[in-house]
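Chemist: File name run20.cif; file contents mmCIF, C-alpha atoms; full text below.
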data_run
#
loop_
_atom_site.label_atom_id
_atom_site.label_comp_id
_atom_site.auth_asym_id
_atom_site.auth_seq_id
_atom_site.Cartn_x
_atom_site.Cartn_y
_atom_site.Cartn_z
CA MET A 1241 -24.36 -9.53 -2.83
CA THR A 1242 -21.58 -7.59 -4.61
CA MET A 1243 -22.20 -4.86 -7.21
CA ILE A 1244 -21.14 -7.22 -10.00
CA GLU A 1245 -23.55 -9.89 -8.76
CA LYS A 1246 -26.33 -7.31 -8.58
CA GLU A 1247 -25.66 -6.24 -12.16
CA GLU A 1248 -25.75 -9.87 -13.31
CA GLU A 1249 -29.04 -10.43 -11.48
CA ASN A 1250 -30.52 -7.29 -13.03
CA LYS A 1251 -29.52 -8.50 -16.50
CA LYS A 1252 -31.19 -11.84 -15.85
CA MET A 1253 -34.36 -10.19 -14.66
CA GLN A 1254 -34.37 -7.95 -17.73
CA VAL A 1255 -34.15 -10.98 -20.01
CA VAL A 1256 -37.05 -12.61 -18.16
CA GLU A 1257 -39.12 -9.41 -18.37
CA GLU A 1258 -38.52 -9.15 -22.11
CA THR A 1259 -39.76 -12.72 -22.60
CA LYS A 1260 -42.67 -12.61 -20.17
CA ASP A 1261 -45.18 -13.47 -22.90
CA VAL A 1262 -43.20 -16.61 -23.71
CA ILE A 1263 -42.86 -19.66 -21.48
CA PRO A 1264 -39.14 -20.43 -21.87
CA LEU A 1265 -39.51 -24.02 -20.61
CA LEU A 1266 -41.98 -24.69 -23.41
CA THR A 1267 -39.83 -23.43 -26.27
CA PRO A 1268 -38.29 -25.97 -28.66
CA LEU A 1269 -34.62 -26.91 -28.77
CA LYS A 1270 -32.56 -28.72 -31.38
CA MET A 1271 -30.16 -31.02 -29.51
CA ARG A 1272 -28.11 -32.07 -32.51
CA LYS A 1273 -30.24 -34.70 -34.26
CA PHE A 1274 -32.97 -34.59 -31.59
CA ASN A 1275 -35.75 -32.05 -32.03
CA LEU A 1276 -37.10 -31.30 -28.57
CA SER A 1277 -40.52 -29.69 -28.29
CA HIS A 1278 -39.85 -28.29 -24.81
CA ARG A 1279 -37.08 -27.89 -22.22
CA ILE A 1280 -38.61 -30.03 -19.41
CA VAL A 1281 -36.65 -33.24 -18.87
CA LEU A 1282 -37.67 -36.26 -16.81
CA ALA A 1283 -34.73 -36.71 -14.45
CA PRO A 1284 -33.40 -40.23 -13.82
CA LEU A 1285 -35.25 -41.47 -10.73
CA THR A 1286 -34.59 -44.70 -8.89
CA ARG A 1287 -38.01 -46.32 -8.32
CA THR A 1288 -37.07 -49.83 -6.99
CA ARG A 1289 -39.79 -51.62 -8.95
CA SER A 1290 -37.54 -53.73 -11.19
CA TYR A 1291 -37.77 -57.10 -9.51
CA ASN A 1292 -34.64 -59.29 -9.61
CA PHE A 1293 -32.85 -56.45 -11.41
CA VAL A 1294 -35.11 -56.79 -14.47
CA ALA A 1295 -37.29 -53.91 -15.67
CA GLN A 1296 -40.97 -54.85 -15.42
CA PRO A 1297 -43.99 -54.36 -17.73
CA HIS A 1298 -45.52 -51.75 -15.38
CA ALA A 1299 -42.60 -49.45 -16.23
CA ALA A 1300 -44.03 -49.08 -19.73
CA LEU A 1301 -47.07 -47.27 -18.33
CA TYR A 1302 -44.99 -45.20 -15.91
CA TYR A 1303 -42.66 -43.84 -18.58
CA SER A 1304 -45.26 -43.50 -21.33
CA GLN A 1305 -47.44 -41.45 -18.94
CA ARG A 1306 -44.61 -38.94 -18.75
CA ALA A 1307 -43.75 -38.99 -22.45
CA THR A 1308 -44.75 -36.25 -24.88
CA LYS A 1309 -43.99 -35.78 -28.55
CA GLY A 1310 -40.49 -34.34 -28.62
CA GLY A 1311 -40.10 -34.63 -24.85
CA PHE A 1312 -36.83 -35.89 -23.36
CA LEU A 1313 -36.85 -38.63 -20.70
CA ILE A 1314 -33.86 -40.11 -18.88
CA GLY A 1315 -34.52 -43.58 -17.49
CA GLU A 1316 -33.67 -44.70 -13.99
CA ALA A 1317 -30.12 -45.82 -13.23
CA SER A 1318 -29.42 -49.25 -14.71
CA GLY A 1319 -26.51 -51.39 -13.59
CA VAL A 1320 -23.77 -52.19 -16.10
CA SER A 1321 -22.68 -55.48 -14.53
CA ASP A 1322 -23.34 -57.93 -11.70
CA THR A 1323 -21.06 -55.88 -9.43
CA ALA A 1324 -22.85 -52.61 -10.16
CA GLN A 1325 -25.96 -52.87 -7.99
CA GLY A 1326 -26.32 -51.22 -4.61
CA TYR A 1327 -30.07 -51.07 -4.01
CA PRO A 1328 -32.88 -53.64 -4.18
CA ASN A 1329 -35.11 -53.91 -7.25
CA THR A 1330 -33.14 -51.59 -9.48
CA PRO A 1331 -32.83 -52.51 -13.17
CA GLY A 1332 -29.77 -53.73 -15.01
CA ILE A 1333 -28.81 -53.85 -18.65
CA TRP A 1334 -25.97 -56.36 -18.76
CA THR A 1335 -27.94 -59.54 -19.58
CA THR A 1336 -30.05 -60.61 -22.56
CA GLU A 1337 -33.09 -60.93 -20.30
CA GLN A 1338 -32.68 -57.35 -19.09
CA VAL A 1339 -32.29 -56.01 -22.62
CA GLN A 1340 -35.41 -57.84 -23.79
CA ALA A 1341 -37.37 -56.52 -20.80
CA TRP A 1342 -36.51 -52.92 -21.67
CA LYS A 1343 -37.68 -53.18 -25.30
CA PRO A 1344 -41.46 -52.84 -24.78
CA ILE A 1345 -40.87 -50.02 -22.26
CA VAL A 1346 -38.82 -48.05 -24.76
CA GLU A 1347 -41.37 -48.80 -27.47
CA ALA A 1348 -44.17 -47.37 -25.28
CA VAL A 1349 -42.25 -44.10 -24.94
CA HIS A 1350 -41.53 -43.95 -28.66
CA LYS A 1351 -45.20 -44.47 -29.48
CA LYS A 1352 -45.87 -41.20 -27.64
CA GLY A 1353 -43.11 -39.49 -29.63
CA GLY A 1354 -40.70 -39.28 -26.69
CA ILE A 1355 -36.90 -39.35 -26.76
CA PHE A 1356 -35.58 -41.86 -24.23
CA PHE A 1357 -32.07 -42.27 -22.83
CA CYS A 1358 -30.88 -45.01 -20.47
CA GLN A 1359 -28.77 -43.95 -17.48
CA LEU A 1360 -25.85 -46.35 -16.94
CA TRP A 1361 -24.39 -46.67 -13.47
CA HIS A 1362 -22.15 -48.56 -11.14
CA ALA A 1363 -22.79 -48.00 -7.43
CA GLY A 1364 -19.22 -48.79 -6.40
CA ARG A 1365 -18.80 -48.66 -2.63
CA VAL A 1366 -22.44 -47.59 -2.13
CA SER A 1367 -23.33 -51.27 -1.91
CA ASN A 1368 -22.87 -54.24 0.39
CA TYR A 1369 -21.93 -57.90 0.28
CA GLY A 1370 -25.52 -59.00 -0.40
CA PHE A 1371 -25.55 -57.28 -3.80
CA GLN A 1372 -22.15 -58.59 -4.87
CA PRO A 1373 -21.25 -61.85 -6.64
CA ASP A 1374 -20.30 -64.52 -4.09
CA GLY A 1375 -20.68 -61.97 -1.29
CA GLN A 1376 -17.49 -60.16 -2.20
CA PRO A 1377 -16.72 -56.58 -1.07
CA PRO A 1378 -17.96 -53.89 -3.45
CA ILE A 1379 -15.37 -52.20 -5.66
CA SER A 1380 -14.25 -48.58 -5.49
CA SER A 1381 -11.27 -46.26 -5.88
CA THR A 1382 -10.50 -46.76 -2.19
CA ASN A 1383 -10.89 -49.05 0.81
CA LYS A 1384 -12.66 -46.33 2.80
CA ALA A 1385 -16.26 -47.16 3.65
CA VAL A 1386 -19.11 -44.68 3.19
CA GLN A 1387 -19.85 -42.74 6.36
CA LYS A 1388 -23.35 -41.21 6.35
CA GLU A 1389 -24.22 -39.23 9.46
CA GLY A 1390 -27.68 -39.92 10.80
CA SER A 1391 -28.19 -42.89 8.47
CA SER A 1392 -29.08 -46.37 9.69
CA THR A 1393 -27.59 -47.88 6.52
CA LYS A 1394 -24.16 -49.39 7.11
CA TYR A 1395 -21.72 -49.85 4.26
CA PRO A 1396 -18.78 -52.28 4.43
CA PRO A 1397 -15.24 -51.32 3.45
CA PRO A 1398 -14.89 -51.63 -0.33
CA ARG A 1399 -12.06 -53.16 -2.29
CA PRO A 1400 -9.94 -50.77 -4.39
CA LEU A 1401 -9.86 -51.68 -8.06
CA THR A 1402 -6.41 -52.63 -9.26
CA THR A 1403 -5.02 -50.82 -12.28
CA GLY A 1404 -5.36 -54.02 -14.28
CA GLU A 1405 -9.05 -54.38 -13.41
CA ILE A 1406 -10.11 -50.92 -14.58
CA PRO A 1407 -10.25 -51.83 -18.31
CA LYS A 1408 -12.82 -54.54 -17.45
CA VAL A 1409 -15.12 -51.99 -15.82
CA VAL A 1410 -14.65 -49.64 -18.79
CA HIS A 1411 -15.66 -52.54 -21.02
CA ASP A 1412 -18.75 -53.16 -18.88
CA PHE A 1413 -19.92 -49.60 -19.54
CA ARG A 1414 -19.17 -49.99 -23.25
CA MET A 1415 -21.22 -53.18 -23.50
CA ALA A 1416 -24.06 -51.74 -21.43
CA ALA A 1417 -24.24 -48.81 -23.87
CA LYS A 1418 -24.36 -51.23 -26.78
CA ASN A 1419 -27.12 -53.16 -24.99
CA ALA A 1420 -29.10 -49.96 -24.41
CA ILE A 1421 -29.10 -49.22 -28.13
CA GLU A 1422 -30.11 -52.83 -28.79
CA ALA A 1423 -33.04 -52.30 -26.40
CA GLY A 1424 -34.14 -49.34 -28.52
CA PHE A 1425 -32.98 -46.42 -26.36
CA ASP A 1426 -32.04 -43.28 -28.26
CA GLY A 1427 -28.87 -42.91 -26.23
CA VAL A 1428 -27.29 -43.26 -22.80
CA GLU A 1429 -26.38 -41.05 -19.86
CA ILE A 1430 -23.27 -42.09 -17.94
CA HIS A 1431 -23.84 -41.65 -14.21
CA GLY A 1432 -20.82 -39.79 -12.89
CA ALA A 1433 -22.61 -38.20 -9.95
CA ASN A 1434 -24.25 -38.81 -6.55
CA GLY A 1435 -21.30 -40.54 -4.93
CA TYR A 1436 -21.28 -43.64 -7.13
CA LEU A 1437 -18.28 -45.40 -8.67
CA LEU A 1438 -17.16 -42.83 -11.25
CA GLU A 1439 -17.48 -40.01 -8.76
CA GLN A 1440 -15.52 -42.06 -6.21
CA PHE A 1441 -12.61 -41.64 -8.60
CA LEU A 1442 -13.31 -37.98 -9.39
CA LYS A 1443 -13.46 -36.64 -5.83
CA ASP A 1444 -10.28 -36.14 -3.77
CA LYS A 1445 -12.02 -36.72 -0.43
CA VAL A 1446 -12.57 -40.34 -1.50
CA ASN A 1447 -9.90 -41.13 -4.05
CA ASP A 1448 -6.70 -41.75 -2.10
CA ARG A 1449 -4.85 -43.68 -4.79
CA ASP A 1450 -1.18 -43.11 -5.61
CA ASP A 1451 -1.22 -44.64 -9.11
CA GLU A 1452 -2.18 -43.07 -12.46
CA TYR A 1453 -5.83 -42.98 -11.36
CA GLY A 1454 -5.28 -40.90 -8.23
CA GLY A 1455 -3.60 -37.80 -6.89
CA THR A 1456 -3.78 -35.03 -9.47
CA LEU A 1457 -7.02 -33.73 -10.93
CA GLN A 1458 -6.10 -35.17 -14.31
CA ASN A 1459 -5.41 -38.60 -12.82
CA ARG A 1460 -8.66 -38.65 -10.85
CA CYS A 1461 -10.62 -37.85 -13.99
CA ARG A 1462 -8.79 -40.47 -16.06
CA PHE A 1463 -11.06 -43.48 -15.38
CA PRO A 1464 -14.39 -41.62 -15.87
CA LEU A 1465 -13.07 -40.14 -19.11
CA GLU A 1466 -11.91 -43.56 -20.27
CA VAL A 1467 -15.47 -44.77 -19.71
CA MET A 1468 -16.85 -41.81 -21.67
CA LYS A 1469 -14.47 -42.36 -24.58
CA ALA A 1470 -15.24 -46.08 -24.74
CA VAL A 1471 -18.98 -45.41 -24.84
CA VAL A 1472 -18.56 -42.65 -27.44
CA ASP A 1473 -16.46 -45.00 -29.58
CA GLU A 1474 -19.12 -47.72 -29.26
CA ILE A 1475 -22.35 -45.84 -30.00
CA GLY A 1476 -21.34 -42.34 -31.15
CA ALA A 1477 -20.99 -39.02 -29.33
CA ASP A 1478 -24.44 -37.84 -30.47
CA LYS A 1479 -25.99 -40.56 -28.32
CA VAL A 1480 -23.98 -39.97 -25.13
CA GLY A 1481 -24.59 -37.68 -22.17
CA VAL A 1482 -23.21 -37.57 -18.63
CA ARG A 1483 -24.45 -36.60 -15.19
CA LEU A 1484 -22.08 -34.84 -12.78
CA SER A 1485 -22.38 -33.38 -9.28
CA PRO A 1486 -19.02 -31.73 -8.51
CA TYR A 1487 -20.42 -29.49 -5.76
CA ALA A 1488 -22.42 -32.14 -3.93
CA ASP A 1489 -21.30 -34.55 -1.23
CA TYR A 1490 -23.78 -37.37 -1.69
CA CYS A 1491 -22.77 -40.64 -0.03
CA ASP A 1492 -19.79 -39.07 1.74
CA CYS A 1493 -18.22 -38.08 -1.60
CA GLY A 1494 -16.92 -34.52 -1.62
CA ASP A 1495 -14.10 -32.59 -3.27
CA SER A 1496 -11.82 -29.80 -2.07
CA ASN A 1497 -12.06 -27.80 -5.32
CA PRO A 1498 -15.35 -28.61 -7.05
CA GLN A 1499 -15.15 -25.70 -9.49
CA ALA A 1500 -11.81 -26.84 -10.87
CA LEU A 1501 -13.17 -30.39 -11.13
CA GLY A 1502 -16.32 -29.27 -12.91
CA ILE A 1503 -14.54 -27.04 -15.40
CA TYR A 1504 -11.89 -29.66 -16.18
CA MET A 1505 -14.55 -32.29 -16.85
CA ALA A 1506 -16.62 -29.88 -18.94
CA GLN A 1507 -13.62 -29.11 -21.14
CA ALA A 1508 -12.60 -32.77 -21.46
CA LEU A 1509 -16.15 -33.82 -22.32
CA SER A 1510 -16.30 -31.09 -24.95
CA GLN A 1511 -13.21 -32.57 -26.57
CA LEU A 1512 -15.09 -35.88 -26.79
CA SER A 1513 -18.05 -34.02 -28.35
CA VAL A 1514 -20.56 -35.67 -26.02
CA LEU A 1515 -24.17 -34.63 -26.56
CA TYR A 1516 -24.95 -33.13 -23.18
CA CYS A 1517 -23.73 -32.50 -19.65
CA HIS A 1518 -26.34 -32.85 -16.90
CA VAL A 1519 -25.22 -31.15 -13.67
CA ILE A 1520 -26.70 -31.05 -10.18
CA GLU A 1521 -26.90 -27.55 -8.76
CA PRO A 1522 -24.45 -26.49 -6.01
CA ARG A 1523 -27.44 -25.61 -3.82
CA MET A 1524 -28.37 -29.31 -3.61
CA LYS A 1525 -25.97 -30.41 -0.90
CA THR A 1526 -27.90 -33.51 0.16
CA MET A 1527 -30.76 -35.39 -1.47
CA PHE A 1528 -33.65 -33.38 -0.05
CA ASP A 1529 -31.90 -30.37 1.45
CA LYS A 1530 -31.15 -27.09 -0.31
CA SER A 1531 -28.53 -24.59 0.70
CA ASP A 1532 -27.37 -21.49 -1.13
CA SER A 1533 -23.81 -22.87 -1.20
CA ASN A 1534 -22.51 -19.29 -0.95
CA ASN A 1535 -24.20 -18.43 -4.26
CA VAL A 1536 -21.85 -20.67 -6.23
CA SER A 1537 -22.82 -20.71 -9.91
CA LEU A 1538 -22.66 -23.38 -12.61
CA MET A 1539 -21.93 -20.70 -15.24
CA PRO A 1540 -18.20 -21.49 -15.44
CA MET A 1541 -19.07 -25.10 -16.29
CA ARG A 1542 -21.80 -23.93 -18.65
CA LYS A 1543 -19.32 -21.74 -20.53
CA ALA A 1544 -16.66 -24.48 -20.61
CA PHE A 1545 -18.98 -27.08 -22.15
CA THR A 1546 -19.80 -26.88 -25.85
CA GLY A 1547 -22.81 -29.22 -25.92
CA THR A 1548 -26.30 -29.06 -24.43
CA PHE A 1549 -26.27 -28.10 -20.74
CA ILE A 1550 -28.89 -29.55 -18.39
CA VAL A 1551 -29.36 -28.42 -14.80
CA ALA A 1552 -31.13 -30.22 -11.98
CA GLY A 1553 -31.78 -29.27 -8.40
CA GLY A 1554 -35.25 -28.71 -7.04
CA TYR A 1555 -36.39 -26.25 -9.71
CA ASN A 1556 -40.01 -25.11 -9.80
CA ARG A 1557 -41.81 -23.57 -12.80
CA SER A 1558 -40.66 -19.98 -12.32
CA GLU A 1559 -37.06 -20.94 -11.50
CA GLY A 1560 -36.92 -23.18 -14.54
CA ASN A 1561 -38.23 -20.44 -16.80
CA ARG A 1562 -35.72 -18.01 -15.34
CA VAL A 1563 -32.67 -20.22 -15.85
CA ILE A 1564 -33.63 -20.94 -19.46
CA ALA A 1565 -34.44 -17.29 -20.23
CA SER A 1566 -31.18 -16.05 -18.69
CA GLY A 1567 -29.03 -18.55 -20.58
CA GLY A 1568 -28.02 -20.50 -17.50
CA ALA A 1569 -29.09 -23.79 -19.07
CA ASP A 1570 -30.58 -25.31 -22.20
CA LEU A 1571 -32.78 -27.82 -20.37
CA VAL A 1572 -34.04 -28.36 -16.81
CA ALA A 1573 -34.41 -31.85 -15.33
CA TYR A 1574 -37.33 -32.36 -12.95
CA GLY A 1575 -37.49 -35.24 -10.50
CA ARG A 1576 -40.09 -35.12 -7.75
CA LEU A 1577 -42.38 -32.76 -9.68
CA PHE A 1578 -42.38 -35.04 -12.73
CA LEU A 1579 -42.80 -38.12 -10.55
CA ALA A 1580 -45.98 -36.68 -9.02
CA ASN A 1581 -47.25 -34.95 -12.17
CA PRO A 1582 -47.07 -37.21 -15.22
CA ASP A 1583 -48.42 -34.33 -17.33
CA LEU A 1584 -45.94 -31.79 -15.98
CA PRO A 1585 -45.35 -29.95 -19.30
CA ARG A 1586 -49.11 -29.45 -19.67
CA ARG A 1587 -49.44 -28.20 -16.08
CA PHE A 1588 -46.55 -25.78 -16.61
CA GLN A 1589 -48.18 -24.55 -19.80
CA LEU A 1590 -51.41 -23.77 -17.94
CA ASP A 1591 -49.65 -22.77 -14.71
CA ALA A 1592 -51.96 -25.32 -13.12
CA GLU A 1593 -51.91 -26.68 -9.58
CA LEU A 1594 -49.43 -29.49 -9.01
CA ASN A 1595 -49.91 -32.84 -7.30
CA GLU A 1596 -47.78 -33.20 -4.20
CA ALA A 1597 -45.25 -36.02 -4.20
CA ASP A 1598 -45.65 -38.68 -1.52
CA ARG A 1599 -42.11 -39.38 -0.37
CA SER A 1600 -43.21 -42.45 1.60
CA THR A 1601 -43.93 -44.27 -1.68
CA PHE A 1602 -40.83 -43.23 -3.63
CA TYR A 1603 -38.99 -46.49 -3.02
CA THR A 1604 -41.73 -49.02 -2.37
CA THR A 1605 -42.07 -52.03 -4.66
CA ASP A 1606 -45.76 -51.58 -5.46
CA PRO A 1607 -46.30 -51.49 -9.26
CA VAL A 1608 -49.12 -48.92 -8.96
CA ILE A 1609 -49.20 -46.99 -5.67
CA GLY A 1610 -46.93 -43.97 -5.81
CA TYR A 1611 -45.91 -45.00 -9.31
CA THR A 1612 -48.62 -44.88 -11.98
CA ASP A 1613 -51.55 -43.62 -9.88
CA TYR A 1614 -50.74 -39.89 -9.76
CA PRO A 1615 -53.69 -38.08 -11.44
CA PHE A 1616 -53.58 -36.12 -14.67
CA LEU A 1617 -55.38 -32.84 -15.21
CA GLU A 1618 -58.92 -33.42 -16.47
CA ASN A 1619 -59.21 -34.16 -20.17
CA THR A 1620 -55.48 -34.12 -20.80
CA ASN A 1621 -54.69 -37.82 -20.54
#
Would you write the structure of this file as structure tokens?
Modeler:
Amino acid sequence: MTMIEKEEENKKMQVVEETKDVIPLLTPLKMRKFNLSHRIVLAPLTRTRSYNFVAQPHAALYYSQRATKGGFLIGEASGVSDTAQGYPNTPGIWTTEQVQAWKPIVEAVHKKGGIFFCQLWHAGRVSNYGFQPDGQPPISSTNKAVQKEGSSTKYPPPRPLTTGEIPKVVHDFRMAAKNAIEAGFDGVEIHGANGYLLEQFLKDKVNDRDDEYGGTLQNRCRFPLEVMKAVVDEIGADKVGVRLSPYADYCDCGDSNPQALGIYMAQALSQLSVLYCHVIEPRMKTMFDKSDSNNVSLMPMRKAFTGTFIVAGGYNRSEGNRVIASGGADLVAYGRLFLANPDLPRRFQLDAELNEADRSTFYTTDPVIGYTDYPFLENTN
């Protein structure tokens, strides 16, 4: 660690020491028109319990269990079209049936006073023929198939979108955002992370195009920013967030200069006045594996973005408090901890023992086991 880094760390620790009688994660935050009662966010978590791509009634209990008055929840990734899916039993929001199915789920969260956003996604090349209309190849920025070392999952070569087809996909995101508002959601998060379609355009290790959507950093960001602008124009910037993972290489999707990518996107998103930017930490190199990533920091992105900044990446209670207290983020998104502890804000308040997540049930289709059966603290539910 350099002298400058040591000084920065000492400053952070001083801030934490000065606020030791306060639990930073449990302080309120005004996120434009949304009054948040705490800084603990339910991260978007794929749960594969939406049969036939339709959200199910048991999701109302799952989400309402994790809702608190003034708490912020981001729903699981929901497909924007019939080409968007890449996993079994994930929800969509492109049909009337899907919109109607979401309504009672959103209502259950609102009854608890929660603020609920819908994450909109397109899996792109992280799919296969079985999920695509008429068994067609999945779409992407490229014809290069996903290569995942040590994985038994095989992905077919995708079909590169033509320039003329891109406006149709932009429109799909626009209509999905409109549908989400119709379903009662308070807003949407555009999924531009984790190796899915938008990130397949952003990252230079995947995007090998030679048209206006490939090559330079500006060109690679063009399509994702067109999606963002279309959604902002449709439902308003105060209802739109985005998730990014410039430093990660999920699904064989990496970039040669992630800091430049992250800063450019943060600045462009600020110009669109989007509500928040939700970024996966550099230390999260693969889904369940941390590395220090040479102590790379999200602070340059944080400083470049003018809206609410959310971080995600295996945070515990003390780490979450520290990043809020030091100004590294406005909010912290929790995945596995919130999955296993439906009353996570209460447990953090009391510094109580946490339930351990059972990874073997993360992606089962059971409507109860590993889903709504994690216990609450006594007398808090």
Chemist: If the PyMOL selection byres ((chain A and resi 1385) around 7) were run on this exact file, what residues would it hold? Put them as a PDB file with C-alpha atoms, in the coordinates of the input.
Modeler:
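Once written, out.pdb looks like this:
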ATOM      1  CA  ARG A1365     -18.800 -48.660  -2.630  1.00  0.00           C
ATOM      2  CA  ASN A1383     -10.890 -49.050   0.810  1.00  0.00           C
ATOM      3  CA  LYS A1384     -12.660 -46.330   2.800  1.00  0.00           C
ATOM      4  CA  VAL A1386     -19.110 -44.680   3.190  1.00  0.00           C
ATOM      5  CA  GLN A1387     -19.850 -42.740   6.360  1.00  0.00           C
ATOM      6  CA  TYR A1395     -21.720 -49.850   4.260  1.00  0.00           C
ATOM      7  CA  PRO A1396     -18.780 -52.280   4.430  1.00  0.00           C
ATOM      8  CA  PRO A1397     -15.240 -51.320   3.450  1.00  0.00           C
ATOM      9  CA  PRO A1398     -14.890 -51.630  -0.330  1.00  0.00           C
TER      10      PRO A1398
END
Chemist: Within 12 Å of region 1339-1348 of chain A, counting all atoms listed in the file, which residues qualify if same-chain residues fewer than 5 places away don't, as a VMD selection string?
Modeler: chain A and resid 1290 to 1308 1313 to 1316 1318 to 1320 1331 to 1334 1353 to 1358 1415 to 1427
Chemist: For the residues in that selection, give me C-alpha atoms as an mmCIF file, in the frame of the given file.
Modeler:
data_model
loop_
_atom_site.group_PDB
_atom_site.id
_atom_site.type_symbol
_atom_site.label_atom_id
_atom_site.label_comp_id
_atom_site.auth_asym_id
_atom_site.auth_seq_id
_atom_site.Cartn_x
_atom_site.Cartn_y
_atom_site.Cartn_z
ATOM 1 C CA SER A 1290 -37.540 -53.730 -11.190
ATOM 2 C CA TYR A 1291 -37.770 -57.100 -9.510
ATOM 3 C CA ASN A 1292 -34.640 -59.290 -9.610
ATOM 4 C CA PHE A 1293 -32.850 -56.450 -11.410
ATOM 5 C CA VAL A 1294 -35.110 -56.790 -14.470
ATOM 6 C CA ALA A 1295 -37.290 -53.910 -15.670
ATOM 7 C CA GLN A 1296 -40.970 -54.850 -15.420
ATOM 8 C CA PRO A 1297 -43.990 -54.360 -17.730
ATOM 9 C CA HIS A 1298 -45.520 -51.750 -15.380
ATOM 10 C CA ALA A 1299 -42.600 -49.450 -16.230
ATOM 11 C CA ALA A 1300 -44.030 -49.080 -19.730
ATOM 12 C CA LEU A 1301 -47.070 -47.270 -18.330
ATOM 13 C CA TYR A 1302 -44.990 -45.200 -15.910
ATOM 14 C CA TYR A 1303 -42.660 -43.840 -18.580
ATOM 15 C CA SER A 1304 -45.260 -43.500 -21.330
ATOM 16 C CA GLN A 1305 -47.440 -41.450 -18.940
ATOM 17 C CA ARG A 1306 -44.610 -38.940 -18.750
ATOM 18 C CA ALA A 1307 -43.750 -38.990 -22.450
ATOM 19 C CA THR A 1308 -44.750 -36.250 -24.880
ATOM 20 C CA LEU A 1313 -36.850 -38.630 -20.700
ATOM 21 C CA ILE A 1314 -33.860 -40.110 -18.880
ATOM 22 C CA GLY A 1315 -34.520 -43.580 -17.490
ATOM 23 C CA GLU A 1316 -33.670 -44.700 -13.990
ATOM 24 C CA SER A 1318 -29.420 -49.250 -14.710
ATOM 25 C CA GLY A 1319 -26.510 -51.390 -13.590
ATOM 26 C CA VAL A 1320 -23.770 -52.190 -16.100
ATOM 27 C CA PRO A 1331 -32.830 -52.510 -13.170
ATOM 28 C CA GLY A 1332 -29.770 -53.730 -15.010
ATOM 29 C CA ILE A 1333 -28.810 -53.850 -18.650
ATOM 30 C CA TRP A 1334 -25.970 -56.360 -18.760
ATOM 31 C CA GLY A 1353 -43.110 -39.490 -29.630
ATOM 32 C CA GLY A 1354 -40.700 -39.280 -26.690
ATOM 33 C CA ILE A 1355 -36.900 -39.350 -26.760
ATOM 34 C CA PHE A 1356 -35.580 -41.860 -24.230
ATOM 35 C CA PHE A 1357 -32.070 -42.270 -22.830
ATOM 36 C CA CYS A 1358 -30.880 -45.010 -20.470
ATOM 37 C CA MET A 1415 -21.220 -53.180 -23.500
ATOM 38 C CA ALA A 1416 -24.060 -51.740 -21.430
ATOM 39 C CA ALA A 1417 -24.240 -48.810 -23.870
ATOM 40 C CA LYS A 1418 -24.360 -51.230 -26.780
ATOM 41 C CA ASN A 1419 -27.120 -53.160 -24.990
ATOM 42 C CA ALA A 1420 -29.100 -49.960 -24.410
ATOM 43 C CA ILE A 1421 -29.100 -49.220 -28.130
ATOM 44 C CA GLU A 1422 -30.110 -52.830 -28.790
ATOM 45 C CA ALA A 1423 -33.040 -52.300 -26.400
ATOM 46 C CA GLY A 1424 -34.140 -49.340 -28.520
ATOM 47 C CA PHE A 1425 -32.980 -46.420 -26.360
ATOM 48 C CA ASP A 1426 -32.040 -43.280 -28.260
ATOM 49 C CA GLY A 1427 -28.870 -42.910 -26.230
#
Chemist: Just the residues within 10 Å of region 1555-1560 of chain A, please, counting all atoms listed in the file, with nothing from its chain fewer than 5 positions along; format it as an mmCIF file with C-alpha atoms, in the coordinates of the input.
Modeler:
data_model
loop_
_atom_site.group_PDB
_atom_site.id
_atom_site.type_symbol
_atom_site.label_atom_id
_atom_site.label_comp_id
_atom_site.auth_asym_id
_atom_site.auth_seq_id
_atom_site.Cartn_x
_atom_site.Cartn_y
_atom_site.Cartn_z
ATOM 1 C CA ILE A 1263 -42.860 -19.660 -21.480
ATOM 2 C CA PRO A 1264 -39.140 -20.430 -21.870
ATOM 3 C CA LEU A 1265 -39.510 -24.020 -20.610
ATOM 4 C CA ARG A 1279 -37.080 -27.890 -22.220
ATOM 5 C CA ILE A 1280 -38.610 -30.030 -19.410
ATOM 6 C CA GLU A 1521 -26.900 -27.550 -8.760
ATOM 7 C CA ALA A 1565 -34.440 -17.290 -20.230
ATOM 8 C CA GLY A 1568 -28.020 -20.500 -17.500
ATOM 9 C CA ALA A 1569 -29.090 -23.790 -19.070
ATOM 10 C CA LEU A 1571 -32.780 -27.820 -20.370
ATOM 11 C CA VAL A 1572 -34.040 -28.360 -16.810
ATOM 12 C CA ALA A 1573 -34.410 -31.850 -15.330
ATOM 13 C CA TYR A 1574 -37.330 -32.360 -12.950
ATOM 14 C CA GLY A 1575 -37.490 -35.240 -10.500
ATOM 15 C CA ARG A 1576 -40.090 -35.120 -7.750
ATOM 16 C CA LEU A 1577 -42.380 -32.760 -9.680
ATOM 17 C CA LEU A 1584 -45.940 -31.790 -15.980
ATOM 18 C CA PRO A 1585 -45.350 -29.950 -19.300
ATOM 19 C CA ARG A 1587 -49.440 -28.200 -16.080
ATOM 20 C CA PHE A 1588 -46.550 -25.780 -16.610
ATOM 21 C CA GLN A 1589 -48.180 -24.550 -19.800
ATOM 22 C CA ASP A 1591 -49.650 -22.770 -14.710
#
Chemist: Would you please work out which residue, of A:Leu1282, A:Leu1538, A:Val1519, A:Ile1406, is nearest to Asn1581 (chain A) when using only C-alpha atoms?
Modeler: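 Closest to Asn1581 (chain A), using only C-alpha atoms: A:Leu1282.
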Chemist: What does the distance from CA of Gln1359 (chain A) to CA of Ser1566 (chain A) come to in Å, to one decimal?
Modeler: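 CA of Gln1359 (chain A) sits 28.0 Å away from CA of Ser1566 (chain A).
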